[in-house]
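Dropping structure-v8.cif in here (mmCIF, C-alpha atoms and all ligand atoms):
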```cif
data_query
loop_
_atom_site.label_atom_id
_atom_site.label_comp_id
_atom_site.auth_asym_id
_atom_site.auth_seq_id
_atom_site.Cartn_x
_atom_site.Cartn_y
_atom_site.Cartn_z
CA MET Q 1 57.39 -20.12 -7.04
CA THR Q 2 60.55 -19.42 -8.97
CA ILE Q 3 63.39 -21.77 -8.22
CA LEU Q 4 66.55 -19.75 -7.84
CA LYS Q 5 69.39 -20.65 -10.14
CA LEU Q 6 72.16 -22.18 -8.12
CA GLU Q 7 75.14 -21.76 -10.40
CA PRO Q 8 77.48 -18.89 -9.55
CA SER Q 9 76.63 -15.73 -11.43
CA SER Q 10 78.50 -12.58 -12.23
CA GLU Q 11 75.20 -10.72 -12.45
CA PRO Q 12 74.12 -8.65 -9.45
CA PHE Q 13 71.96 -10.51 -6.95
CA THR Q 14 71.58 -8.40 -3.82
CA TYR Q 15 70.23 -4.87 -3.51
CA GLU Q 16 73.73 -3.65 -2.73
CA GLN Q 17 75.14 -5.31 -5.87
CA TRP Q 18 72.44 -3.75 -8.04
CA GLU Q 19 73.28 -0.37 -6.59
CA GLU Q 20 76.96 -0.99 -7.43
CA LEU Q 21 76.04 -1.94 -10.98
CA ALA Q 22 73.94 1.19 -11.41
CA LYS Q 23 76.86 3.25 -10.16
CA THR Q 24 79.11 1.84 -12.87
CA LYS Q 25 76.51 2.23 -15.64
CA LEU Q 26 74.94 5.63 -14.97
CA THR Q 27 76.46 9.06 -15.28
CA LYS Q 28 77.48 10.51 -11.92
CA GLY Q 29 74.62 13.00 -12.12
CA ALA Q 30 72.00 10.34 -12.79
CA PHE Q 31 73.30 7.92 -10.16
CA ASP Q 32 73.45 10.62 -7.50
CA TYR Q 33 69.96 11.73 -8.47
CA VAL Q 34 68.58 8.23 -7.83
CA GLN Q 35 70.64 7.30 -4.82
CA SER Q 36 70.78 10.44 -2.77
CA GLY Q 37 68.54 11.94 -0.15
CA SER Q 38 68.08 15.51 0.92
CA GLY Q 39 70.27 17.45 3.33
CA ALA Q 40 72.72 15.37 5.33
CA GLU Q 41 70.73 12.23 4.36
CA GLU Q 42 69.81 11.45 7.97
CA THR Q 43 66.29 10.43 6.98
CA LEU Q 44 67.55 8.34 4.07
CA ILE Q 45 69.77 6.43 6.51
CA LYS Q 46 67.05 6.17 9.18
CA ASN Q 47 64.66 4.65 6.65
CA ARG Q 48 66.95 1.62 6.58
CA GLU Q 49 68.16 1.60 10.17
CA VAL Q 50 64.66 1.46 11.58
CA PHE Q 51 64.10 -2.03 10.20
CA SER Q 52 66.75 -3.47 12.52
CA GLN Q 53 65.02 -1.91 15.52
CA TRP Q 54 62.30 -4.53 15.08
CA ASP Q 55 62.73 -8.27 15.62
CA LEU Q 56 60.60 -10.97 14.07
CA LEU Q 57 59.32 -13.77 16.30
CA PRO Q 58 58.65 -16.80 14.09
CA TYR Q 59 56.12 -19.51 14.91
CA VAL Q 60 57.36 -23.09 14.42
CA LEU Q 61 55.53 -26.25 13.37
CA THR Q 62 52.68 -24.43 11.68
CA ASN Q 63 52.57 -26.29 8.33
CA VAL Q 64 53.63 -23.74 5.75
CA GLU Q 65 53.51 -26.02 2.75
CA GLU Q 66 50.72 -24.08 1.00
CA ARG Q 67 51.71 -20.45 0.79
CA ASP Q 68 50.00 -17.46 -0.75
CA LEU Q 69 51.74 -14.14 -1.37
CA SER Q 70 48.73 -12.53 -3.01
CA THR Q 71 46.71 -9.82 -1.40
CA ASN Q 72 43.82 -7.49 -2.14
CA LEU Q 73 44.21 -3.79 -2.58
CA LEU Q 74 41.38 -1.42 -3.53
CA ASN Q 75 39.22 -4.36 -4.60
CA ARG Q 76 41.84 -5.90 -6.86
CA LYS Q 77 43.90 -9.00 -6.29
CA ILE Q 78 47.64 -8.43 -6.65
CA ALA Q 79 50.45 -10.99 -6.83
CA ALA Q 80 52.25 -9.85 -3.72
CA PRO Q 81 51.90 -7.03 -1.21
CA PHE Q 82 54.15 -4.64 -3.08
CA LEU Q 83 53.79 -2.04 -5.81
CA LEU Q 84 56.33 -0.17 -7.88
CA ALA Q 85 56.53 3.34 -6.50
CA PRO Q 86 56.19 6.34 -8.80
CA VAL Q 87 59.67 7.20 -9.99
CA GLY Q 88 60.05 9.93 -12.56
CA PHE Q 89 62.60 10.45 -15.32
CA GLN Q 90 63.44 6.76 -15.76
CA THR Q 91 65.15 7.24 -19.12
CA VAL Q 92 68.11 8.68 -17.21
CA VAL Q 93 68.65 5.12 -15.95
CA HIS Q 94 68.01 3.21 -19.18
CA PRO Q 95 66.78 4.30 -22.62
CA ASP Q 96 63.72 2.03 -22.27
CA GLY Q 97 62.81 3.80 -19.03
CA GLU Q 98 59.23 3.35 -17.82
CA ARG Q 99 58.42 1.02 -20.74
CA ALA Q 100 60.78 -1.56 -19.29
CA SER Q 101 59.64 -1.18 -15.67
CA ALA Q 102 55.95 -1.31 -16.55
CA SER Q 103 56.40 -4.25 -18.88
CA SER Q 104 58.17 -6.23 -16.19
CA ALA Q 105 55.56 -5.32 -13.55
CA SER Q 106 52.69 -6.18 -15.83
CA LYS Q 107 54.07 -9.64 -16.64
CA LEU Q 108 54.40 -10.39 -12.92
CA ASN Q 109 51.00 -8.87 -12.00
CA ILE Q 110 52.69 -6.29 -9.80
CA PRO Q 111 50.98 -2.88 -9.73
CA TYR Q 112 52.83 0.07 -11.22
CA ILE Q 113 52.44 3.75 -10.36
CA THR Q 114 53.18 6.10 -13.27
CA SER Q 115 54.80 9.37 -12.24
CA THR Q 116 53.65 12.77 -13.47
CA VAL Q 117 57.25 13.21 -14.62
CA SER Q 118 57.36 9.91 -16.47
CA SER Q 119 59.49 9.84 -19.60
CA VAL Q 120 56.80 7.78 -21.32
CA ALA Q 121 53.29 9.19 -21.70
CA LEU Q 122 50.74 7.85 -19.26
CA GLU Q 123 48.60 6.37 -22.08
CA GLU Q 124 51.48 4.24 -23.35
CA VAL Q 125 52.28 2.99 -19.85
CA SER Q 126 48.62 2.10 -19.36
CA LYS Q 127 48.64 0.04 -22.55
CA ILE Q 128 51.70 -1.84 -21.36
CA MET Q 129 50.08 -2.55 -17.99
CA GLN Q 130 46.92 -4.01 -19.59
CA ASP Q 131 44.82 -5.56 -16.82
CA THR Q 132 47.41 -5.29 -14.07
CA PRO Q 133 46.49 -2.52 -11.64
CA HIS Q 134 48.17 0.78 -12.39
CA TYR Q 135 47.81 4.12 -10.70
CA PHE Q 136 48.66 7.62 -11.86
CA GLN Q 137 50.74 9.75 -9.49
CA LEU Q 138 49.90 13.42 -9.58
CA TYR Q 139 52.32 16.15 -8.76
CA TRP Q 140 49.56 18.72 -8.73
CA PRO Q 141 50.72 21.28 -11.28
CA ASN Q 142 50.40 24.95 -10.45
CA ASP Q 143 47.65 25.13 -13.03
CA ASP Q 144 44.39 23.40 -12.19
CA ASP Q 145 43.44 23.02 -15.84
CA VAL Q 146 46.56 20.97 -16.49
CA ALA Q 147 46.00 19.00 -13.26
CA THR Q 148 42.44 18.19 -14.29
CA SER Q 149 43.54 17.25 -17.78
CA LEU Q 150 46.14 14.77 -16.46
CA VAL Q 151 43.61 13.18 -14.12
CA LYS Q 152 40.96 12.91 -16.85
CA ARG Q 153 43.46 11.36 -19.26
CA ALA Q 154 44.42 8.77 -16.65
CA GLU Q 155 40.79 8.03 -15.93
CA SER Q 156 39.85 7.68 -19.58
CA VAL Q 157 42.57 5.14 -20.44
CA GLY Q 158 41.88 2.85 -17.51
CA TYR Q 159 44.08 3.81 -14.59
CA ASP Q 160 42.79 2.30 -11.37
CA ALA Q 161 43.56 5.16 -8.99
CA ILE Q 162 45.12 8.60 -8.58
CA VAL Q 163 48.01 8.97 -6.14
CA VAL Q 164 48.43 12.59 -5.07
CA THR Q 165 51.91 13.24 -3.71
CA VAL Q 166 51.51 15.68 -0.85
CA ASP Q 167 55.04 15.99 0.50
CA THR Q 168 56.38 18.05 -2.38
CA PRO Q 169 55.34 21.72 -2.39
CA LEU Q 170 58.91 22.17 -3.59
CA LEU Q 171 61.69 19.73 -4.39
CA GLY Q 172 63.76 18.89 -1.32
CA TRP Q 173 67.18 20.35 -0.66
CA ARG Q 174 69.12 17.66 -2.49
CA GLU Q 175 72.69 18.66 -2.01
CA LYS Q 176 74.27 16.20 -4.43
CA ASP Q 177 72.00 17.29 -7.28
CA LEU Q 178 72.57 20.94 -6.47
CA HIS Q 179 76.31 20.42 -6.39
CA ASN Q 180 76.26 18.41 -9.62
CA GLY Q 181 74.00 21.02 -11.23
CA TYR Q 182 71.80 18.09 -12.22
CA PHE Q 183 68.14 18.32 -13.15
CA PRO Q 184 67.02 15.17 -15.00
CA MET Q 185 64.63 17.02 -17.32
CA GLU Q 186 67.64 18.58 -18.98
CA THR Q 187 68.36 15.16 -20.53
CA GLY Q 188 64.90 15.25 -22.13
CA ALA Q 189 63.49 12.89 -19.49
CA GLY Q 190 60.21 13.36 -17.63
CA MET Q 191 58.38 15.66 -20.07
CA ALA Q 192 56.16 13.15 -21.88
CA ASN Q 193 52.96 13.77 -19.93
CA PHE Q 194 53.19 17.50 -20.54
CA VAL Q 195 54.16 17.55 -24.19
CA SER Q 196 51.34 15.10 -24.90
CA ASP Q 197 48.79 17.12 -22.94
CA PRO Q 198 46.32 19.11 -25.07
CA VAL Q 199 45.55 21.62 -22.30
CA PHE Q 200 49.22 22.18 -21.54
CA GLN Q 201 50.00 22.63 -25.23
CA ALA Q 202 47.09 25.01 -25.80
CA LYS Q 203 48.03 27.19 -22.88
CA TYR Q 204 51.82 27.16 -22.98
CA ASN Q 205 52.84 26.16 -26.50
CA SER Q 206 49.86 27.12 -28.62
CA ASP Q 207 51.73 27.58 -31.86
CA ASP Q 208 53.80 24.49 -31.19
CA LEU Q 209 56.89 26.62 -31.64
CA LEU Q 210 58.86 25.69 -28.57
CA GLU Q 211 61.71 23.19 -28.70
CA ASP Q 212 61.92 20.63 -25.89
CA SER Q 213 64.77 22.59 -24.35
CA GLU Q 214 62.57 25.69 -24.28
CA LEU Q 215 59.74 23.77 -22.66
CA ILE Q 216 61.87 22.69 -19.69
CA PRO Q 217 61.61 26.00 -17.83
CA VAL Q 218 57.90 26.20 -18.65
CA ILE Q 219 57.21 22.74 -17.22
CA ARG Q 220 59.49 23.34 -14.28
CA ASN Q 221 57.62 26.50 -13.51
CA ILE Q 222 54.21 24.85 -13.25
CA LEU Q 223 55.27 21.41 -11.97
CA LEU Q 224 54.56 21.94 -8.28
CA LYS Q 225 51.79 23.75 -6.49
CA GLN Q 226 52.74 25.44 -3.24
CA ASN Q 227 49.26 26.50 -2.22
CA LEU Q 228 47.67 23.06 -2.28
CA THR Q 229 45.26 22.53 0.64
CA TRP Q 230 42.83 19.91 1.94
CA GLU Q 231 39.96 21.87 0.39
CA LYS Q 232 41.56 21.40 -3.01
CA LEU Q 233 41.49 17.65 -2.46
CA ALA Q 234 37.78 17.85 -1.76
CA TRP Q 235 37.50 19.52 -5.17
CA LEU Q 236 39.57 16.76 -6.82
CA ARG Q 237 37.27 14.22 -5.15
CA GLU Q 238 34.45 15.72 -7.22
CA GLN Q 239 36.44 15.70 -10.47
CA THR Q 240 37.10 11.96 -10.61
CA SER Q 241 35.39 8.77 -9.66
CA LEU Q 242 38.72 6.97 -9.28
CA PRO Q 243 40.01 6.11 -5.81
CA ILE Q 244 42.40 8.77 -4.50
CA LEU Q 245 45.50 7.92 -2.46
CA LEU Q 246 47.64 10.45 -0.61
CA LYS Q 247 51.36 9.78 -0.68
CA GLY Q 248 53.66 11.37 1.86
CA ILE Q 249 51.75 11.26 5.15
CA LEU Q 250 53.83 11.03 8.34
CA ARG Q 251 51.41 12.28 11.02
CA ALA Q 252 48.46 10.48 12.58
CA ASP Q 253 46.34 13.68 12.57
CA ASP Q 254 46.92 14.12 8.83
CA ALA Q 255 45.91 10.48 8.34
CA ALA Q 256 42.69 11.19 10.25
CA LYS Q 257 42.04 14.19 7.99
CA ALA Q 258 42.56 12.03 4.92
CA VAL Q 259 39.83 9.70 6.15
CA GLN Q 260 37.54 12.69 6.84
CA PHE Q 261 38.13 14.02 3.33
CA GLY Q 262 37.05 10.76 1.75
CA ILE Q 263 40.52 9.66 0.66
CA ASP Q 264 40.63 5.97 -0.27
CA ALA Q 265 44.11 4.99 0.97
CA ILE Q 266 47.24 6.61 2.30
CA ILE Q 267 50.90 5.99 1.71
CA VAL Q 268 53.10 6.64 4.72
CA SER Q 269 56.25 8.00 3.13
CA ASN Q 270 59.03 10.51 3.36
CA HIS Q 271 59.72 10.24 -0.37
CA GLY Q 272 62.66 7.91 0.17
CA GLY Q 273 64.43 10.52 2.31
CA ARG Q 274 64.42 12.97 -0.59
CA GLN Q 275 62.18 15.73 0.72
CA LEU Q 276 62.81 17.10 4.23
CA ASP Q 277 65.90 15.73 5.91
CA GLY Q 278 65.38 15.07 9.60
CA VAL Q 279 61.82 13.80 9.31
CA ARG Q 280 61.08 10.48 10.90
CA SER Q 281 61.56 7.21 9.13
CA SER Q 282 58.42 5.99 7.45
CA LEU Q 283 58.35 2.64 9.30
CA SER Q 284 58.49 4.42 12.66
CA ALA Q 285 55.58 6.64 11.61
CA LEU Q 286 53.47 3.65 10.61
CA PRO Q 287 52.09 2.21 13.89
CA ALA Q 288 50.47 5.44 15.14
CA ILE Q 289 48.91 6.04 11.72
CA VAL Q 290 47.57 2.50 11.53
CA GLU Q 291 46.07 2.94 14.98
CA GLU Q 292 44.46 6.26 14.02
CA VAL Q 293 43.03 4.98 10.74
CA ASN Q 294 41.71 1.91 12.52
CA GLY Q 295 41.03 -0.12 9.39
CA GLU Q 296 38.86 2.51 7.69
CA ILE Q 297 41.12 2.74 4.63
CA PRO Q 298 44.24 0.84 3.53
CA VAL Q 299 47.59 2.12 4.78
CA LEU Q 300 50.65 1.60 2.60
CA VAL Q 301 54.23 2.47 3.42
CA ASP Q 302 57.46 3.01 1.50
CA GLY Q 303 61.09 3.84 2.17
CA GLY Q 304 63.93 1.39 2.70
CA ILE Q 305 62.09 -1.79 1.70
CA ARG Q 306 64.84 -3.99 0.31
CA ARG Q 307 64.16 -7.62 1.25
CA GLY Q 308 61.35 -10.04 2.02
CA SER Q 309 61.74 -9.69 5.77
CA ASP Q 310 61.35 -5.90 5.45
CA ILE Q 311 57.97 -6.44 3.80
CA ILE Q 312 56.92 -8.85 6.54
CA LYS Q 313 57.89 -6.32 9.20
CA ALA Q 314 55.92 -3.53 7.53
CA ILE Q 315 52.84 -5.72 7.23
CA ALA Q 316 53.18 -6.95 10.83
CA LEU Q 317 53.19 -3.29 11.88
CA GLY Q 318 49.88 -2.80 10.11
CA ALA Q 319 50.66 -1.89 6.48
CA ASP Q 320 48.38 -3.38 3.83
CA ALA Q 321 51.13 -3.21 1.21
CA VAL Q 322 54.45 -1.52 0.53
CA LEU Q 323 56.03 0.39 -2.34
CA LEU Q 324 59.48 -0.18 -3.79
CA GLY Q 325 61.48 2.72 -5.20
CA ARG Q 326 65.22 2.39 -5.67
CA PRO Q 327 65.35 -1.44 -5.82
CA TYR Q 328 63.64 -1.68 -9.21
CA VAL Q 329 65.28 1.48 -10.50
CA TYR Q 330 68.72 -0.04 -9.93
CA GLY Q 331 67.51 -3.18 -11.73
CA LEU Q 332 66.47 -0.94 -14.61
CA ALA Q 333 70.15 -0.21 -15.20
CA ASN Q 334 70.00 -3.60 -17.01
CA GLY Q 335 66.71 -2.78 -18.74
CA GLU Q 336 63.57 -4.88 -18.38
CA ALA Q 337 65.56 -8.04 -17.64
CA GLY Q 338 67.17 -6.31 -14.69
CA VAL Q 339 63.83 -5.14 -13.26
CA THR Q 340 62.48 -8.66 -13.65
CA ASP Q 341 65.51 -10.16 -11.88
CA VAL Q 342 65.00 -7.80 -8.95
CA LEU Q 343 61.26 -8.46 -8.70
CA LYS Q 344 61.47 -12.23 -9.07
CA ASN Q 345 64.19 -12.37 -6.47
CA LEU Q 346 62.10 -10.35 -4.06
CA LEU Q 347 59.09 -12.61 -4.64
CA SER Q 348 61.22 -15.68 -3.85
CA ASP Q 349 62.78 -14.02 -0.84
CA LEU Q 350 59.34 -13.04 0.46
CA ASP Q 351 58.03 -16.56 -0.09
CA THR Q 352 60.99 -18.07 1.78
CA SER Q 353 60.68 -15.56 4.61
CA LEU Q 354 56.96 -16.19 4.99
CA ALA Q 355 57.56 -19.93 5.34
CA ILE Q 356 60.23 -19.48 7.96
CA VAL Q 357 58.28 -16.95 9.99
CA GLY Q 358 55.68 -19.71 10.20
CA ILE Q 359 52.80 -17.85 8.57
CA PRO Q 360 51.76 -19.19 5.17
CA THR Q 361 49.73 -16.27 3.83
CA ILE Q 362 50.05 -12.51 3.73
CA GLN Q 363 46.53 -12.15 5.13
CA MET Q 364 47.52 -14.02 8.29
CA ILE Q 365 50.45 -11.77 9.25
CA ASP Q 366 49.72 -9.86 12.43
CA GLN Q 367 51.58 -7.97 15.12
CA SER Q 368 52.22 -11.10 17.18
CA ILE Q 369 55.30 -11.81 15.03
CA ILE Q 370 57.05 -8.52 15.67
CA GLU Q 371 58.59 -6.92 18.71
CA GLU Q 372 60.68 -3.85 19.35
CA LYS Q 373 64.30 -4.83 19.89
CA ARG Q 374 65.18 -5.04 23.55
C1 LIG N 1 61.19 9.07 -6.41
N1 LIG N 1 59.97 9.24 -5.73
C2 LIG N 1 58.91 9.87 -6.38
N2 LIG N 1 57.72 10.01 -5.76
C3 LIG N 1 56.66 10.57 -6.39
O1 LIG N 1 55.58 10.67 -5.79
N3 LIG N 1 56.80 11.00 -7.68
C4 LIG N 1 57.95 10.90 -8.39
O2 LIG N 1 58.03 11.26 -9.54
C5 LIG N 1 59.08 10.34 -7.71
N4 LIG N 1 60.30 10.25 -8.33
C6 LIG N 1 61.35 9.61 -7.71
C7 LIG N 1 62.55 9.46 -8.37
C8 LIG N 1 63.59 8.73 -7.79
C9 LIG N 1 64.87 8.54 -8.54
C10 LIG N 1 63.40 8.15 -6.51
C11 LIG N 1 64.50 7.32 -5.86
C12 LIG N 1 62.22 8.34 -5.82
C13 LIG N 1 59.76 8.64 -4.40
C14 LIG N 1 59.30 7.21 -4.52
O3 LIG N 1 57.99 7.15 -5.05
C15 LIG N 1 59.28 6.46 -3.16
O4 LIG N 1 58.53 7.21 -2.23
C16 LIG N 1 60.67 6.20 -2.59
O5 LIG N 1 61.59 5.90 -3.61
C17 LIG N 1 60.61 5.01 -1.62
O6 LIG N 1 61.83 4.80 -1.01
P1 LIG N 1 62.93 3.71 -1.50
O7 LIG N 1 62.20 2.41 -1.79
O8 LIG N 1 63.60 4.28 -2.70
O9 LIG N 1 63.83 3.62 -0.31
#
```
Give the structure from the file, written as structure tokens.
Ligand code: FNR
Amino acid sequence: MTILKLEPSSEPFTYEQWEELAKTKLTKGAFDYVQSGSGAEETLIKNREVFSQWDLLPYVLTNVEERDLSTNLLNRKIAAPFLLAPVGFQTVVHPDGERASASSASKLNIPYITSTVSSVALEEVSKIMQDTPHYFQLYWPNDDDVATSLVKRAESVGYDAIVVTVDTPLLGWREKDLHNGYFPMETGAGMANFVSDPVFQAKYNSDDLLEDSELIPVIRNILLKQNLTWEKLAWLREQTSLPILLKGILRADDAAKAVQFGIDAIIVSNHGGRQLDGVRSSLSALPAIVEEVNGEIPVLVDGGIRRGSDIIKAIALGADAVLLGRPYVYGLANGEAGVTDVLKNLLSDLDTSLAIVGIPTIQMIDQSIIEEKR
């Protein structure tokens, strides 16, 4: 395990300090885009508050000298039970964007999920990830030919899974972005997977005449599909042999449907409080979904994971792994080195927390160590 440096540092260390740093480095539009939630941000706030409604109950005297943070997910061993969530448009945070995040993740054997609206084409991200698990997140475009093309490209360059985001028939009502008049694609970010797509180019830019700025409305127009249904997922199931995950489930009956439709894992998520304000926090949605799924497929969760003890709580409540969004994106304000600082710190924090909760391996965490606050 990494030994933490003990000399005082002026660099950010905590999540809150990284957020502060990002605020000073990014434009107001970009910072608000990353930080904010939808509506009055009640869900964004709940995603954090819910963690303090649960108490951990450590075991003592259990011999925690030999610890193991690794875990298995979809038949692959990963360094720790967390993945980097799909976050689009990362060049609005740092010019290296997704290259830096993926490079850091790959060196630490932490899985990375490439967004449909990545600023770096999915093939390049895959090369950076090498053998470390990487998934492709699909915002199902309102054009099945383009959707199929993206999925086939991901499959052919070695992605390990497709993550279909199902909570986004439209972008949420994000008041800060609307007020700022900010749409990240207008900086040139987030278009790489479309401009590099042969089907997209053939259908929408056949003479290759359009400038990037002219492509923005075209991409925006087909980015999201409002008439996506479960039947469509059954169709996708036939198009690819890769495992399919659904991201954005909050109801136990939807989780049951996912199992019925042959989905390979689900991600309990409210999109970091960015889609519908007022929906429940993802951690509070987790237990009923875990109960419903009953071990048939892995259940992941994201939203508000900031520290090692948060990860332990999510796993004690039945998650197989968690996703991190904003924490690594704030680190990215300092490029790859910043992402690596954030991730290494979290690994050390998780290792420390595991020892003190008295359970030496991730596999051994169970619900006996967690209780609802009285
Ligand atoms: C996101 N998220 C997201 N999700 C997705 O499926 N596709 C995407 O392109 C994006 N883009 C994106 C951009 C930014 C700036 C943020 C903050 C989030 C949601 C993301 O995958 C994840 O669900 C949340 O970020 C998890 O919550 P925390 O960790 O940020 O609290």
Counting all atoms listed in the file, what is within 9 Å of Ile263 (chain Q), bar same-chain residues fewer than 5 positions away, as JSON, numbers by chain?
{"Q": [233, 234, 237, 243, 244, 245, 246, 257, 258, 297]}
For ligand LIG 1 (chain N), list the contacting residues at 7 Å or closer, counting only C-alpha atoms and all ligand atoms, as a PyMOL selection string.
chain Q and resi 33-35+85-88+115-117+137+139+165+247+269-272+302-305+323-327
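The two atoms in question, CA of Asp32 (chain Q) and CA of Trp173 (chain Q), are spaced 13.4 Å apart.
Considering the residues Q:Val163, Q:Ala40, Q:Ala80, Q:Ala288 and counting only C-alpha atoms, Lys176 (chain Q) has its shortest atom-to-atom contact with Q:Ala40.
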Determine, counting all atoms listed in the file, which protein, DNA and RNA residues have an atom within 9 Å of an atom of region 67-69 of chain Q; residues of the same chain fewer than 2 positions away are not included. Present the result as a compact mmCIF listing (two decimals) with C-alpha atoms, in the coordinates of the input.
```txt
# COMPACT_ATOMS: atom_id res chain seq x y z
CA VAL Q 64 53.63 -23.74 5.75
CA GLU Q 65 53.51 -26.02 2.75
CA THR Q 71 46.71 -9.82 -1.40
CA ILE Q 78 47.64 -8.43 -6.65
CA ALA Q 79 50.45 -10.99 -6.83
CA ALA Q 80 52.25 -9.85 -3.72
CA PRO Q 81 51.90 -7.03 -1.21
CA LEU Q 347 59.09 -12.61 -4.64
CA LEU Q 350 59.34 -13.04 0.46
CA ASP Q 351 58.03 -16.56 -0.09
CA LEU Q 354 56.96 -16.19 4.99
CA ALA Q 355 57.56 -19.93 5.34
CA ILE Q 359 52.80 -17.85 8.57
CA PRO Q 360 51.76 -19.19 5.17
CA THR Q 361 49.73 -16.27 3.83
CA ILE Q 362 50.05 -12.51 3.73
CA GLN Q 363 46.53 -12.15 5.13
```
List the spatial neighbours of Leu250 (chain Q) as a list in words - criterion: any atom at most 9 Å away, all atoms listed in the file, same-chain residues fewer than 5 positions off excluded.
Ala255, Ile267, Val268, Ser269, Asn270, Val279, Arg280, Ser281, Ser282, Ala285, Leu286 and Ile289 of chain Q
Take the residues from that selection and put them in a file with C-alpha atoms, as a PDB file, in the frame of the given file.
```
ATOM      1  CA  ALA Q 255      45.910  10.480   8.340  1.00  0.00           C
ATOM      2  CA  ILE Q 267      50.900   5.990   1.710  1.00  0.00           C
ATOM      3  CA  VAL Q 268      53.100   6.640   4.720  1.00  0.00           C
ATOM      4  CA  SER Q 269      56.250   8.000   3.130  1.00  0.00           C
ATOM      5  CA  ASN Q 270      59.030  10.510   3.360  1.00  0.00           C
ATOM      6  CA  VAL Q 279      61.820  13.800   9.310  1.00  0.00           C
ATOM      7  CA  ARG Q 280      61.080  10.480  10.900  1.00  0.00           C
ATOM      8  CA  SER Q 281      61.560   7.210   9.130  1.00  0.00           C
ATOM      9  CA  SER Q 282      58.420   5.990   7.450  1.00  0.00           C
ATOM     10  CA  ALA Q 285      55.580   6.640  11.610  1.00  0.00           C
ATOM     11  CA  LEU Q 286      53.470   3.650  10.610  1.00  0.00           C
ATOM     12  CA  ILE Q 289      48.910   6.040  11.720  1.00  0.00           C
TER      13      ILE Q 289
END
```
Point-to-point distance in Å for CA of Tyr182 (chain Q) and CA of Asp212 (chain Q):
17.1 Å
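Across Q:Glu41, Q:Asp160, Q:Leu242, Q:Val93, the tightest approach to Thr187 (chain Q) is made by Q:Val93 when counting all atoms listed in the file.
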Shell around Asp277 (chain Q) at 12 Å using all atoms listed in the file, local window under 5 positions removed, as a tab-separated table (two decimals) with C-alpha atoms, in the coordinates of the input:
```
chain	number	residue	atom	x	y	z
Q	36	SER	CA	70.78	10.44	-2.77
Q	37	GLY	CA	68.54	11.94	-0.15
Q	38	SER	CA	68.08	15.51	0.92
Q	39	GLY	CA	70.27	17.45	3.33
Q	40	ALA	CA	72.72	15.37	5.33
Q	41	GLU	CA	70.73	12.23	4.36
Q	42	GLU	CA	69.81	11.45	7.97
Q	43	THR	CA	66.29	10.43	6.98
Q	44	LEU	CA	67.55	8.34	4.07
Q	45	ILE	CA	69.77	6.43	6.51
Q	46	LYS	CA	67.05	6.17	9.18
Q	47	ASN	CA	64.66	4.65	6.65
Q	171	LEU	CA	61.69	19.73	-4.39
Q	172	GLY	CA	63.76	18.89	-1.32
Q	173	TRP	CA	67.18	20.35	-0.66
Q	174	ARG	CA	69.12	17.66	-2.49
Q	175	GLU	CA	72.69	18.66	-2.01
Q	270	ASN	CA	59.03	10.51	3.36
Q	271	HIS	CA	59.72	10.24	-0.37
Q	272	GLY	CA	62.66	7.91	0.17
```
Have a look at CA of Ser101 (chain Q) and CA of Leu332 (chain Q) and let me know their distance in Å, one decimal.
6.9 Å
Adding 3 Å on each side of the box along x, y and z that holds all listed atoms of region 345-356 of chain Q, could you give its centre and edge lengths in Å to one decimal, as AutoDock Vina command-line options?
```
--center_x 60.6 --center_y -15.1 --center_z 0.7 --size_x 13.2 --size_y 15.6 --size_z 20.4
```
With distances taken over only C-alpha atoms, the candidate from Q:Leu343, Q:Ala321, Q:Ile369, Q:Leu210 nearest Arg307 (chain Q) is Q:Leu343
Which residues come within 12 Å of Gly338 (chain Q), counting only C-alpha atoms, excluding same-chain residues fewer than 5 positions away, as a PyMOL selection string?
chain Q and resi 11-15+17-19+21-22+93-94+96-97+100-101+103-105+327-333+343-345
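If all atoms listed in the file are the atoms counted, then among Q:Val290, Q:Leu26, Q:Met364, Q:Leu178 the closest residue to Val92 (chain Q) is Q:Leu26.
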Given all atoms listed in the file as the counted atoms, nearest of Q:Ala30, Q:Ile266, Q:Leu317, Q:Leu84 to Val339 (chain Q):
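When distances to Val339 (chain Q) are compared using all atoms listed in the file, the smallest one comes from Q:Leu84.
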Taking only C-alpha atoms into account, which of Q:Leu74, Q:Asn334, Q:Thr168, Q:Ala192 comes nearest Leu300 (chain Q)?
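Checking each of Q:Leu74, Q:Asn334, Q:Thr168, Q:Ala192 against Leu300 (chain Q), counting only C-alpha atoms, the winner is Q:Leu74.
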Mind filling out region 142-146 of chain Q with N, CA and C atoms and sending it as a CSV table (one decimal), in the coordinates of the input?
```csv
chain,number,residue,atom,x,y,z
Q,142,ASN,N,50.9,23.6,-10.9
Q,142,ASN,CA,50.4,25.0,-10.4
Q,142,ASN,C,49.5,25.5,-11.5
Q,143,ASP,N,48.6,24.7,-12.0
Q,143,ASP,CA,47.6,25.1,-13.0
Q,143,ASP,C,46.6,24.1,-13.0
Q,144,ASP,N,45.4,24.4,-12.4
Q,144,ASP,CA,44.4,23.4,-12.2
Q,144,ASP,C,43.9,22.8,-13.5
Q,145,ASP,N,43.9,23.6,-14.6
Q,145,ASP,CA,43.4,23.0,-15.8
Q,145,ASP,C,44.3,21.9,-16.3
Q,146,VAL,N,45.6,22.0,-16.1
Q,146,VAL,CA,46.6,21.0,-16.5
Q,146,VAL,C,46.4,19.8,-15.5
```
